[in-house]
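K.L.:
Got start36.txt for you, compact mmCIF, N, CA and C atoms:
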# COMPACT_ATOMS: atom_id res chain seq x y z
N MET A 1 120.44 119.49 142.40
CA MET A 1 119.68 118.25 142.35
C MET A 1 119.79 117.55 143.70
N GLU A 2 118.65 117.11 144.20
CA GLU A 2 118.63 116.43 145.48
C GLU A 2 119.35 115.09 145.39
N THR A 3 119.87 114.64 146.54
CA THR A 3 120.57 113.36 146.54
C THR A 3 119.62 112.20 146.23
N SER A 4 118.34 112.32 146.63
CA SER A 4 117.40 111.24 146.32
C SER A 4 117.16 111.15 144.82
N ASN A 5 117.12 112.32 144.14
CA ASN A 5 116.96 112.32 142.68
C ASN A 5 118.19 111.78 141.99
N ILE A 6 119.37 112.05 142.56
CA ILE A 6 120.61 111.52 141.97
C ILE A 6 120.58 110.00 142.04
N GLY A 7 120.23 109.46 143.21
CA GLY A 7 120.15 108.01 143.37
C GLY A 7 119.11 107.39 142.45
N LEU A 8 117.98 108.08 142.32
CA LEU A 8 116.92 107.62 141.44
C LEU A 8 117.40 107.64 139.99
N GLY A 9 118.10 108.71 139.62
CA GLY A 9 118.63 108.81 138.26
C GLY A 9 119.63 107.72 137.95
N LEU A 10 120.51 107.44 138.90
CA LEU A 10 121.51 106.39 138.69
C LEU A 10 120.86 105.01 138.59
N LYS A 11 119.78 104.82 139.35
CA LYS A 11 119.05 103.55 139.26
C LYS A 11 118.40 103.43 137.88
N GLY A 12 117.84 104.52 137.40
CA GLY A 12 117.23 104.52 136.07
C GLY A 12 118.24 104.23 134.97
N ILE A 13 119.44 104.81 135.11
CA ILE A 13 120.51 104.57 134.14
C ILE A 13 120.89 103.08 134.14
N ALA A 14 121.03 102.52 135.33
CA ALA A 14 121.39 101.10 135.44
C ALA A 14 120.35 100.22 134.77
N GLU A 15 119.08 100.54 134.96
CA GLU A 15 118.02 99.75 134.33
C GLU A 15 118.07 99.89 132.81
N ALA A 16 118.29 101.12 132.33
CA ALA A 16 118.34 101.35 130.88
C ALA A 16 119.51 100.60 130.25
N LYS A 17 120.67 100.66 130.90
CA LYS A 17 121.86 99.98 130.38
C LYS A 17 121.67 98.47 130.35
N SER A 18 120.97 97.94 131.33
CA SER A 18 120.78 96.49 131.40
C SER A 18 119.73 95.99 130.42
N GLY A 19 119.04 96.93 129.76
CA GLY A 19 118.05 96.53 128.77
C GLY A 19 116.61 96.64 129.26
N ASN A 20 116.43 96.97 130.52
CA ASN A 20 115.08 97.13 131.06
C ASN A 20 114.64 98.58 130.88
N THR A 21 114.44 98.97 129.63
CA THR A 21 114.12 100.37 129.34
C THR A 21 112.71 100.79 129.79
N PRO A 22 111.72 99.89 129.84
CA PRO A 22 110.42 100.36 130.36
C PRO A 22 110.54 100.86 131.81
N LEU A 23 111.23 100.08 132.65
CA LEU A 23 111.42 100.50 134.04
C LEU A 23 112.35 101.71 134.10
N GLY A 24 113.39 101.71 133.29
CA GLY A 24 114.30 102.85 133.25
C GLY A 24 113.57 104.13 132.89
N LEU A 25 112.67 104.05 131.92
CA LEU A 25 111.89 105.22 131.51
C LEU A 25 111.00 105.71 132.64
N ARG A 26 110.34 104.78 133.33
CA ARG A 26 109.48 105.18 134.45
C ARG A 26 110.28 105.89 135.54
N ILE A 27 111.45 105.33 135.84
CA ILE A 27 112.28 105.93 136.89
C ILE A 27 112.82 107.29 136.44
N LEU A 28 113.34 107.35 135.23
CA LEU A 28 113.96 108.59 134.75
C LEU A 28 112.93 109.69 134.49
N THR A 29 111.68 109.32 134.21
CA THR A 29 110.63 110.32 134.03
C THR A 29 110.39 111.08 135.32
N LYS A 30 110.56 110.41 136.45
CA LYS A 30 110.38 111.06 137.76
C LYS A 30 111.41 112.16 137.99
N THR A 31 112.58 112.03 137.38
CA THR A 31 113.63 113.04 137.57
C THR A 31 113.66 114.05 136.43
N ALA A 32 112.74 113.92 135.47
CA ALA A 32 112.79 114.74 134.25
C ALA A 32 112.60 116.23 134.52
N ASN A 33 111.82 116.60 135.51
CA ASN A 33 111.54 118.01 135.75
C ASN A 33 112.56 118.68 136.66
N SER A 34 113.39 117.91 137.32
CA SER A 34 114.40 118.51 138.20
C SER A 34 115.67 118.75 137.40
N ASN A 35 116.61 119.45 137.98
CA ASN A 35 117.89 119.68 137.32
C ASN A 35 118.62 118.36 137.22
N GLN A 36 118.71 117.86 135.99
CA GLN A 36 119.27 116.53 135.78
C GLN A 36 120.78 116.59 135.57
N LEU A 37 121.43 115.52 135.97
CA LEU A 37 122.81 115.32 135.57
C LEU A 37 122.80 115.06 134.07
N PRO A 38 123.83 115.48 133.34
CA PRO A 38 123.86 115.25 131.90
C PRO A 38 123.69 113.78 131.52
N GLU A 39 124.31 112.90 132.28
CA GLU A 39 124.22 111.46 131.98
C GLU A 39 122.79 110.95 132.13
N VAL A 40 122.08 111.44 133.14
CA VAL A 40 120.68 111.05 133.34
C VAL A 40 119.84 111.54 132.17
N LYS A 41 120.11 112.76 131.72
CA LYS A 41 119.38 113.33 130.58
C LYS A 41 119.59 112.47 129.33
N ALA A 42 120.83 112.03 129.10
CA ALA A 42 121.14 111.23 127.92
C ALA A 42 120.42 109.88 127.96
N TRP A 43 120.45 109.22 129.09
CA TRP A 43 119.81 107.91 129.18
C TRP A 43 118.29 108.02 129.19
N TYR A 44 117.76 109.13 129.66
CA TYR A 44 116.32 109.39 129.54
C TYR A 44 115.96 109.50 128.06
N GLY A 45 116.80 110.18 127.30
CA GLY A 45 116.60 110.29 125.85
C GLY A 45 116.64 108.93 125.18
N TYR A 46 117.58 108.08 125.62
CA TYR A 46 117.66 106.73 125.06
C TYR A 46 116.38 105.94 125.34
N CYS A 47 115.90 106.02 126.57
CA CYS A 47 114.67 105.30 126.93
C CYS A 47 113.47 105.81 126.13
N LEU A 48 113.40 107.13 125.92
CA LEU A 48 112.32 107.68 125.10
C LEU A 48 112.38 107.14 123.67
N ALA A 49 113.59 107.08 123.13
CA ALA A 49 113.76 106.59 121.77
C ALA A 49 113.40 105.11 121.68
N ARG A 50 113.82 104.35 122.64
CA ARG A 50 113.61 102.91 122.61
C ARG A 50 112.15 102.53 122.84
N GLU A 51 111.53 103.16 123.82
CA GLU A 51 110.19 102.77 124.22
C GLU A 51 109.07 103.51 123.48
N LYS A 52 109.32 104.76 123.12
CA LYS A 52 108.26 105.57 122.52
C LYS A 52 108.59 105.99 121.08
N ASN A 53 109.71 105.50 120.54
CA ASN A 53 110.14 105.86 119.18
C ASN A 53 110.31 107.36 118.99
N LYS A 54 110.70 108.06 120.03
CA LYS A 54 110.94 109.51 119.95
C LYS A 54 112.43 109.74 119.71
N PHE A 55 112.86 109.41 118.50
CA PHE A 55 114.28 109.47 118.17
C PHE A 55 114.81 110.90 118.15
N VAL A 56 114.06 111.81 117.58
CA VAL A 56 114.51 113.20 117.50
C VAL A 56 114.67 113.79 118.89
N ARG A 57 113.71 113.56 119.76
CA ARG A 57 113.79 114.05 121.13
C ARG A 57 114.95 113.40 121.88
N GLY A 58 115.13 112.11 121.70
CA GLY A 58 116.23 111.41 122.35
C GLY A 58 117.59 111.93 121.91
N ILE A 59 117.75 112.13 120.60
CA ILE A 59 119.01 112.67 120.08
C ILE A 59 119.24 114.08 120.60
N SER A 60 118.18 114.86 120.65
CA SER A 60 118.28 116.23 121.17
C SER A 60 118.73 116.24 122.63
N LEU A 61 118.15 115.37 123.44
CA LEU A 61 118.54 115.30 124.86
C LEU A 61 120.00 114.87 125.00
N CYS A 62 120.43 113.91 124.19
CA CYS A 62 121.82 113.45 124.25
C CYS A 62 122.78 114.56 123.83
N ASN A 63 122.41 115.31 122.79
CA ASN A 63 123.28 116.40 122.35
C ASN A 63 123.36 117.51 123.40
N GLU A 64 122.25 117.79 124.09
CA GLU A 64 122.29 118.75 125.21
C GLU A 64 123.22 118.24 126.30
N ALA A 65 123.12 116.97 126.61
CA ALA A 65 123.97 116.37 127.64
C ALA A 65 125.44 116.43 127.24
N ARG A 66 125.73 116.19 125.95
CA ARG A 66 127.13 116.26 125.47
C ARG A 66 127.68 117.67 125.60
N GLN A 67 126.83 118.68 125.39
CA GLN A 67 127.28 120.06 125.55
C GLN A 67 127.58 120.38 127.01
N GLU A 68 126.79 119.81 127.91
CA GLU A 68 126.99 120.05 129.33
C GLU A 68 128.20 119.30 129.88
N ASP A 69 128.44 118.10 129.37
CA ASP A 69 129.56 117.28 129.85
C ASP A 69 130.23 116.62 128.64
N PRO A 70 131.08 117.39 127.92
CA PRO A 70 131.65 116.88 126.67
C PRO A 70 132.65 115.74 126.83
N GLY A 71 133.14 115.48 128.01
CA GLY A 71 134.14 114.44 128.21
C GLY A 71 133.58 113.12 128.69
N ASN A 72 132.27 112.95 128.67
CA ASN A 72 131.63 111.76 129.21
C ASN A 72 131.34 110.76 128.09
N SER A 73 132.05 109.64 128.09
CA SER A 73 131.87 108.65 127.03
C SER A 73 130.54 107.91 127.16
N ASP A 74 129.96 107.89 128.36
CA ASP A 74 128.69 107.20 128.56
C ASP A 74 127.56 107.90 127.82
N ILE A 75 127.65 109.21 127.70
CA ILE A 75 126.66 109.97 126.93
C ILE A 75 126.76 109.58 125.46
N CYS A 76 127.99 109.39 124.98
CA CYS A 76 128.20 108.95 123.60
C CYS A 76 127.62 107.56 123.39
N LEU A 77 127.71 106.71 124.40
CA LEU A 77 127.13 105.37 124.31
C LEU A 77 125.61 105.45 124.14
N ALA A 78 124.97 106.29 124.94
CA ALA A 78 123.51 106.44 124.83
C ALA A 78 123.13 106.99 123.46
N LEU A 79 123.86 108.00 122.99
CA LEU A 79 123.57 108.59 121.69
C LEU A 79 123.81 107.58 120.56
N GLY A 80 124.88 106.82 120.67
CA GLY A 80 125.17 105.80 119.67
C GLY A 80 124.07 104.74 119.60
N ARG A 81 123.56 104.36 120.76
CA ARG A 81 122.47 103.38 120.78
C ARG A 81 121.21 103.94 120.12
N ILE A 82 120.94 105.23 120.34
CA ILE A 82 119.77 105.84 119.70
C ILE A 82 119.94 105.85 118.19
N TYR A 83 121.14 106.23 117.73
CA TYR A 83 121.39 106.24 116.29
C TYR A 83 121.19 104.85 115.70
N LEU A 84 121.64 103.82 116.40
CA LEU A 84 121.45 102.45 115.90
C LEU A 84 119.97 102.08 115.84
N LEU A 85 119.22 102.48 116.86
CA LEU A 85 117.77 102.22 116.86
C LEU A 85 117.09 102.91 115.69
N ALA A 86 117.58 104.11 115.36
CA ALA A 86 116.99 104.89 114.28
C ALA A 86 117.48 104.44 112.90
N GLY A 87 118.42 103.51 112.87
CA GLY A 87 118.95 103.02 111.59
C GLY A 87 120.04 103.89 111.01
N LEU A 88 120.63 104.75 111.83
CA LEU A 88 121.69 105.65 111.38
C LEU A 88 123.05 105.09 111.79
N ARG A 89 123.45 104.01 111.14
CA ARG A 89 124.65 103.26 111.51
C ARG A 89 125.92 104.11 111.44
N ALA A 90 126.08 104.89 110.36
CA ALA A 90 127.30 105.69 110.19
C ALA A 90 127.44 106.73 111.31
N SER A 91 126.33 107.37 111.67
CA SER A 91 126.36 108.34 112.77
C SER A 91 126.66 107.66 114.10
N ALA A 92 126.11 106.46 114.28
CA ALA A 92 126.35 105.71 115.50
C ALA A 92 127.82 105.35 115.63
N VAL A 93 128.41 104.86 114.57
CA VAL A 93 129.82 104.47 114.60
C VAL A 93 130.69 105.69 114.90
N LYS A 94 130.37 106.80 114.28
CA LYS A 94 131.16 108.02 114.47
C LYS A 94 131.13 108.47 115.94
N VAL A 95 129.94 108.52 116.53
CA VAL A 95 129.83 108.98 117.91
C VAL A 95 130.41 107.95 118.88
N LEU A 96 130.29 106.67 118.58
CA LEU A 96 130.86 105.64 119.46
C LEU A 96 132.38 105.68 119.42
N LYS A 97 132.94 105.87 118.24
CA LYS A 97 134.40 105.98 118.15
C LYS A 97 134.89 107.22 118.88
N TYR A 98 134.12 108.31 118.79
CA TYR A 98 134.49 109.52 119.52
C TYR A 98 134.46 109.25 121.03
N GLY A 99 133.43 108.56 121.49
CA GLY A 99 133.33 108.22 122.91
C GLY A 99 134.48 107.35 123.36
N LEU A 100 134.91 106.44 122.50
CA LEU A 100 136.04 105.58 122.82
C LEU A 100 137.34 106.38 122.87
N SER A 101 137.43 107.45 122.08
CA SER A 101 138.63 108.29 122.10
C SER A 101 138.70 109.11 123.40
N LEU A 102 137.55 109.36 124.03
CA LEU A 102 137.53 110.11 125.29
C LEU A 102 138.09 109.28 126.43
N GLU A 103 137.69 108.01 126.49
CA GLU A 103 138.17 107.09 127.52
C GLU A 103 137.83 105.67 127.10
N LYS A 104 138.57 104.72 127.62
CA LYS A 104 138.28 103.32 127.32
C LYS A 104 136.99 102.96 128.03
N ASN A 105 136.02 102.57 127.24
CA ASN A 105 134.70 102.23 127.76
C ASN A 105 134.36 100.84 127.22
N ARG A 106 134.30 99.89 128.10
CA ARG A 106 134.06 98.49 127.72
C ARG A 106 132.74 98.33 126.96
N GLU A 107 131.70 99.04 127.41
CA GLU A 107 130.40 98.91 126.76
C GLU A 107 130.42 99.42 125.32
N ILE A 108 131.16 100.51 125.09
CA ILE A 108 131.29 101.03 123.73
C ILE A 108 132.06 100.05 122.87
N SER A 109 133.15 99.51 123.40
CA SER A 109 133.94 98.53 122.65
C SER A 109 133.10 97.33 122.25
N GLU A 110 132.31 96.82 123.18
CA GLU A 110 131.46 95.67 122.90
C GLU A 110 130.40 96.00 121.86
N LEU A 111 129.82 97.19 121.96
CA LEU A 111 128.81 97.59 120.99
C LEU A 111 129.42 97.73 119.59
N LEU A 112 130.61 98.30 119.51
CA LEU A 112 131.27 98.42 118.21
C LEU A 112 131.58 97.05 117.62
N LYS A 113 131.95 96.09 118.47
CA LYS A 113 132.19 94.73 117.98
C LYS A 113 130.90 94.12 117.44
N CYS A 114 129.80 94.35 118.14
CA CYS A 114 128.51 93.82 117.69
C CYS A 114 128.08 94.46 116.37
N VAL A 115 128.37 95.74 116.23
CA VAL A 115 128.01 96.45 115.00
C VAL A 115 128.87 95.95 113.84
N GLY A 116 130.08 95.50 114.16
CA GLY A 116 130.94 94.94 113.13
C GLY A 116 131.90 95.94 112.52
N ILE A 117 132.53 96.72 113.35
CA ILE A 117 133.49 97.71 112.86
C ILE A 117 134.85 97.06 112.72
N ARG A 118 135.44 97.25 111.58
CA ARG A 118 136.78 96.72 111.34
C ARG A 118 137.76 97.86 111.23
N LYS A 119 138.95 97.64 111.72
CA LYS A 119 140.00 98.65 111.61
C LYS A 119 140.46 98.74 110.17
N THR A 120 141.05 99.87 109.83
CA THR A 120 141.58 100.02 108.48
C THR A 120 142.75 99.08 108.30
N PRO A 121 143.00 98.62 107.06
CA PRO A 121 144.15 97.75 106.83
C PRO A 121 145.45 98.47 107.20
N VAL A 122 146.44 97.71 107.67
CA VAL A 122 147.73 98.29 108.04
C VAL A 122 148.35 98.99 106.83
N LEU A 123 148.39 98.30 105.74
CA LEU A 123 148.90 98.87 104.49
C LEU A 123 147.70 99.16 103.59
N ARG A 124 147.28 100.41 103.57
CA ARG A 124 146.05 100.77 102.87
C ARG A 124 146.11 100.56 101.37
N PHE A 125 147.29 100.56 100.81
CA PHE A 125 147.40 100.38 99.36
C PHE A 125 147.24 98.93 98.94
N LEU A 126 147.23 98.02 99.94
CA LEU A 126 146.98 96.60 99.65
C LEU A 126 145.55 96.24 100.05
N ASN A 127 145.03 95.21 99.43
CA ASN A 127 143.70 94.72 99.74
C ASN A 127 143.66 94.24 101.19
N ARG A 128 142.50 94.39 101.83
CA ARG A 128 142.32 93.96 103.22
C ARG A 128 142.64 92.48 103.40
N ASN A 129 142.36 91.66 102.38
CA ASN A 129 142.56 90.21 102.47
C ASN A 129 143.96 89.77 102.07
N ASN A 130 144.83 90.71 101.76
CA ASN A 130 146.20 90.37 101.41
C ASN A 130 146.89 89.75 102.62
N LYS A 131 147.66 88.70 102.39
CA LYS A 131 148.31 87.98 103.50
C LYS A 131 149.24 88.87 104.30
N VAL A 132 149.90 89.82 103.65
CA VAL A 132 150.81 90.73 104.36
C VAL A 132 150.00 91.60 105.33
N ASN A 133 148.86 92.14 104.87
CA ASN A 133 148.01 92.95 105.74
C ASN A 133 147.47 92.14 106.91
N ILE A 134 147.08 90.93 106.64
CA ILE A 134 146.54 90.07 107.71
C ILE A 134 147.62 89.78 108.75
N ALA A 135 148.81 89.44 108.29
CA ALA A 135 149.91 89.12 109.21
C ALA A 135 150.32 90.35 110.02
N LEU A 136 150.46 91.50 109.36
CA LEU A 136 150.84 92.72 110.07
C LEU A 136 149.75 93.15 111.06
N GLY A 137 148.51 93.05 110.66
CA GLY A 137 147.40 93.41 111.55
C GLY A 137 147.40 92.53 112.79
N SER A 138 147.61 91.25 112.60
CA SER A 138 147.65 90.32 113.72
C SER A 138 148.84 90.62 114.65
N LEU A 139 149.99 90.87 114.04
CA LEU A 139 151.20 91.18 114.81
C LEU A 139 151.01 92.47 115.61
N PHE A 140 150.52 93.52 114.97
CA PHE A 140 150.32 94.79 115.64
C PHE A 140 149.28 94.69 116.76
N ALA A 141 148.26 93.89 116.55
CA ALA A 141 147.23 93.72 117.57
C ALA A 141 147.83 93.03 118.81
N ARG A 142 148.68 92.02 118.59
CA ARG A 142 149.33 91.33 119.72
C ARG A 142 150.26 92.24 120.46
N MET A 143 150.86 93.19 119.74
CA MET A 143 151.81 94.14 120.37
C MET A 143 151.09 95.36 120.93
N ASP A 144 149.76 95.37 120.87
CA ASP A 144 148.92 96.49 121.33
C ASP A 144 149.24 97.80 120.62
N LEU A 145 149.59 97.71 119.35
CA LEU A 145 149.86 98.89 118.54
C LEU A 145 148.64 99.31 117.74
N ARG A 146 147.60 98.48 117.75
CA ARG A 146 146.35 98.80 117.03
C ARG A 146 145.17 98.64 117.94
What is this file in C-alpha cells?

P.N.:
Amino acid sequence: METSNIGLGLKGIAEAKSGNTPLGLRILTKTANSNQLPEVKAWYGYCLAREKNKFVRGISLCNEARQEDPGNSDICLALGRIYLLAGLRASAVKVLKYGLSLEKNREISELLKCVGIRKTPVLRFLNRNNKVNIALGSLFARMDLR
C-alpha cells in the first residue's frame, strides 16, 4: 500500500470515528481497491453500514479485517458499532468486551458505558440490589479489582 493511501486511510478512519461518516466513506472509498490495512477495511465497512445500510457487507469486511489482524481492538470497535446500528445488541456487547480484553481502549469503554453494560454481582447468589453486593462492588471498584 502506498504511503499516500495509508495517510488517506487514516484520515478516513479519523472522520468515521468522529461521526463524520459521509466524508469518511468518500475518503475510504478511494482506498477500497488498493491493498488496505485491516483497520481501514473495518472502518470502511462501518461507514458502509452507517451511510448505506449495508450491514451484511460491513460485518463481512470487519470479520475479514479481524482475521488479518486479530489483536486489534479498534477493529472490534468498528464491528461493535455496526452490530449496534443493526440492532444486534448482544453481538455488539460480546465483540466489544472481546476488544476490551485485547487492550484497554477508551472508546470501547465509553461505548459500553453508553450501551449500559453492568458487571456481574460480586456475590452471584445474592440479588444485584442487595446491600452486601453493592458495598463489595463499590469497594472492589475502588481497589481496582473489578

K.L.:
I'd like the interatomic distance between CA of Ile13 in chain A and CA of Ile117 in chain A, to a tenth of an Å.

P.N.:
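So the two atoms, CA of Ile13 in chain A and CA of Ile117 in chain A, lie 25.9 Å apart.
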
K.L.:
With distances taken over only C-alpha atoms, which of A:Leu23, A:Leu102, A:Leu139, A:Val40 is nearest to Gly9 in chain A?

P.N.:
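So, comparing all the options, the nearest one is A:Val40.
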
K.L.:
Would you list the contacts of Arg50 in chain A as a PyMOL selection string, taking every protein, DNA or RNA residue within 9 Å and counting only C-alpha atoms, but skipping same-chain residues closer than 6 positions in sequence?

P.N.:
chain A and resi 21-22+58+82+85

K.L.:
Can you list every residue in range 24-120 of chain A that DSSP puts in helix (DSSP H, G or I), as number ranges by chain?

P.N.:
A: 24-30, 38-52, 55-68, 73-85, 89-102, 106-115

K.L.:
Could you tell me how far CA of Tyr83 in chain A sits from atom C of Arg146 in chain A, in Å to one decimal place?

P.N.:
25.0 Å

K.L.:
Neighbours of Asn72 in chain A within 8 Å (all atoms listed in the file; same-chain residues fewer than 2 positions away dropped), as a list in words?

P.N.:
Glu39, Ala65, Arg66, Glu68, Asp69, Pro70, Asp74, Ile75, Cys76, Leu77, Tyr98, Gly99, Leu100, Leu102 and Glu103 of chain A

K.L.:
Using only N, CA and C atoms, please write the residues we just selected to a file, as a PDB file, keeping the file's coordinate frame.

P.N.:
ATOM      1  N   GLU A  39     124.310 112.900 132.280  1.00  0.00           N
ATOM      2  CA  GLU A  39     124.220 111.460 131.980  1.00  0.00           C
ATOM      3  C   GLU A  39     122.790 110.950 132.130  1.00  0.00           C
ATOM      4  N   ALA A  65     123.120 116.970 126.610  1.00  0.00           N
ATOM      5  CA  ALA A  65     123.970 116.370 127.640  1.00  0.00           C
ATOM      6  C   ALA A  65     125.440 116.430 127.240  1.00  0.00           C
ATOM      7  N   ARG A  66     125.730 116.190 125.950  1.00  0.00           N
ATOM      8  CA  ARG A  66     127.130 116.260 125.470  1.00  0.00           C
ATOM      9  C   ARG A  66     127.680 117.670 125.600  1.00  0.00           C
ATOM     10  N   GLU A  68     126.790 119.810 127.910  1.00  0.00           N
ATOM     11  CA  GLU A  68     126.990 120.050 129.330  1.00  0.00           C
ATOM     12  C   GLU A  68     128.200 119.300 129.880  1.00  0.00           C
ATOM     13  N   ASP A  69     128.440 118.100 129.370  1.00  0.00           N
ATOM     14  CA  ASP A  69     129.560 117.280 129.850  1.00  0.00           C
ATOM     15  C   ASP A  69     130.230 116.620 128.640  1.00  0.00           C
ATOM     16  N   PRO A  70     131.080 117.390 127.920  1.00  0.00           N
ATOM     17  CA  PRO A  70     131.650 116.880 126.670  1.00  0.00           C
ATOM     18  C   PRO A  70     132.650 115.740 126.830  1.00  0.00           C
ATOM     19  N   ASP A  74     129.960 107.890 128.360  1.00  0.00           N
ATOM     20  CA  ASP A  74     128.690 107.200 128.560  1.00  0.00           C
ATOM     21  C   ASP A  74     127.560 107.900 127.820  1.00  0.00           C
ATOM     22  N   ILE A  75     127.650 109.210 127.700  1.00  0.00           N
ATOM     23  CA  ILE A  75     126.660 109.970 126.930  1.00  0.00           C
ATOM     24  C   ILE A  75     126.760 109.580 125.460  1.00  0.00           C
ATOM     25  N   CYS A  76     127.990 109.390 124.980  1.00  0.00           N
ATOM     26  CA  CYS A  76     128.200 108.950 123.600  1.00  0.00           C
ATOM     27  C   CYS A  76     127.620 107.560 123.390  1.00  0.00           C
ATOM     28  N   LEU A  77     127.710 106.710 124.400  1.00  0.00           N
ATOM     29  CA  LEU A  77     127.130 105.370 124.310  1.00  0.00           C
ATOM     30  C   LEU A  77     125.610 105.450 124.140  1.00  0.00           C
ATOM     31  N   TYR A  98     134.120 108.310 118.790  1.00  0.00           N
ATOM     32  CA  TYR A  98     134.490 109.520 119.520  1.00  0.00           C
ATOM     33  C   TYR A  98     134.460 109.250 121.030  1.00  0.00           C
ATOM     34  N   GLY A  99     133.430 108.560 121.490  1.00  0.00           N
ATOM     35  CA  GLY A  99     133.330 108.220 122.910  1.00  0.00           C
ATOM     36  C   GLY A  99     134.480 107.350 123.360  1.00  0.00           C
ATOM     37  N   LEU A 100     134.910 106.440 122.500  1.00  0.00           N
ATOM     38  CA  LEU A 100     136.040 105.580 122.820  1.00  0.00           C
ATOM     39  C   LEU A 100     137.340 106.380 122.870  1.00  0.00           C
ATOM     40  N   LEU A 102     137.550 109.360 124.030  1.00  0.00           N
ATOM     41  CA  LEU A 102     137.530 110.110 125.290  1.00  0.00           C
ATOM     42  C   LEU A 102     138.090 109.280 126.430  1.00  0.00           C
ATOM     43  N   GLU A 103     137.690 108.010 126.490  1.00  0.00           N
ATOM     44  CA  GLU A 103     138.170 107.090 127.520  1.00  0.00           C
ATOM     45  C   GLU A 103     137.830 105.670 127.100  1.00  0.00           C
TER      46      GLU A 103
END

K.L.:
When you count only N, CA and C atoms, which of these residues is closest to Ala78 in chain A: A:Leu8, A:Leu136, A:Ala42, A:Ile27?

P.N.:
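Of A:Leu8, A:Leu136, A:Ala42, A:Ile27, the one nearest Ala78 in chain A is A:Ala42, counting only N, CA and C atoms.
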
K.L.:
Using all atoms listed in the file, pick whichever of A:Lys104, A:Cys47, A:Asn130, A:Gly71 has the shortest atom-to-atom distance to Asn20 in chain A.

P.N.:
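So, comparing all the options, the nearest one is A:Cys47.
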
K.L.:
Would you mind telling me which residue in A:Thr29, A:Leu79, A:Gly45, A:Ser60 lies nearest to Leu96 in chain A when using only C-alpha atoms?

P.N.:
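Looking at the shortest contact to Leu96 in chain A, the residue is A:Leu79.
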
K.L.:
Quick check, in Å to one decimal: how far apart do atom C of Arg124 in chain A and atom C of Arg89 in chain A lie?

P.N.:
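Atom C of Arg124 in chain A sits 22.8 Å away from atom C of Arg89 in chain A.
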
K.L.:
Place a sphere of radius 6 Å on (148.9, 94.6, 106.2) in the file coordinates and name every protein, DNA or RNA residue with an atom inside or on its surface, counting only C-alpha atoms; give the answer as a ChimeraX atom specification.

P.N.:
/A:121-123,132-134,136-137

K.L.:
Nearest residue to Ala16 in chain A out of A:Lys97, A:Glu51, A:Pro38, A:Lys30, using only C-alpha atoms?

P.N.:
A:Glu51
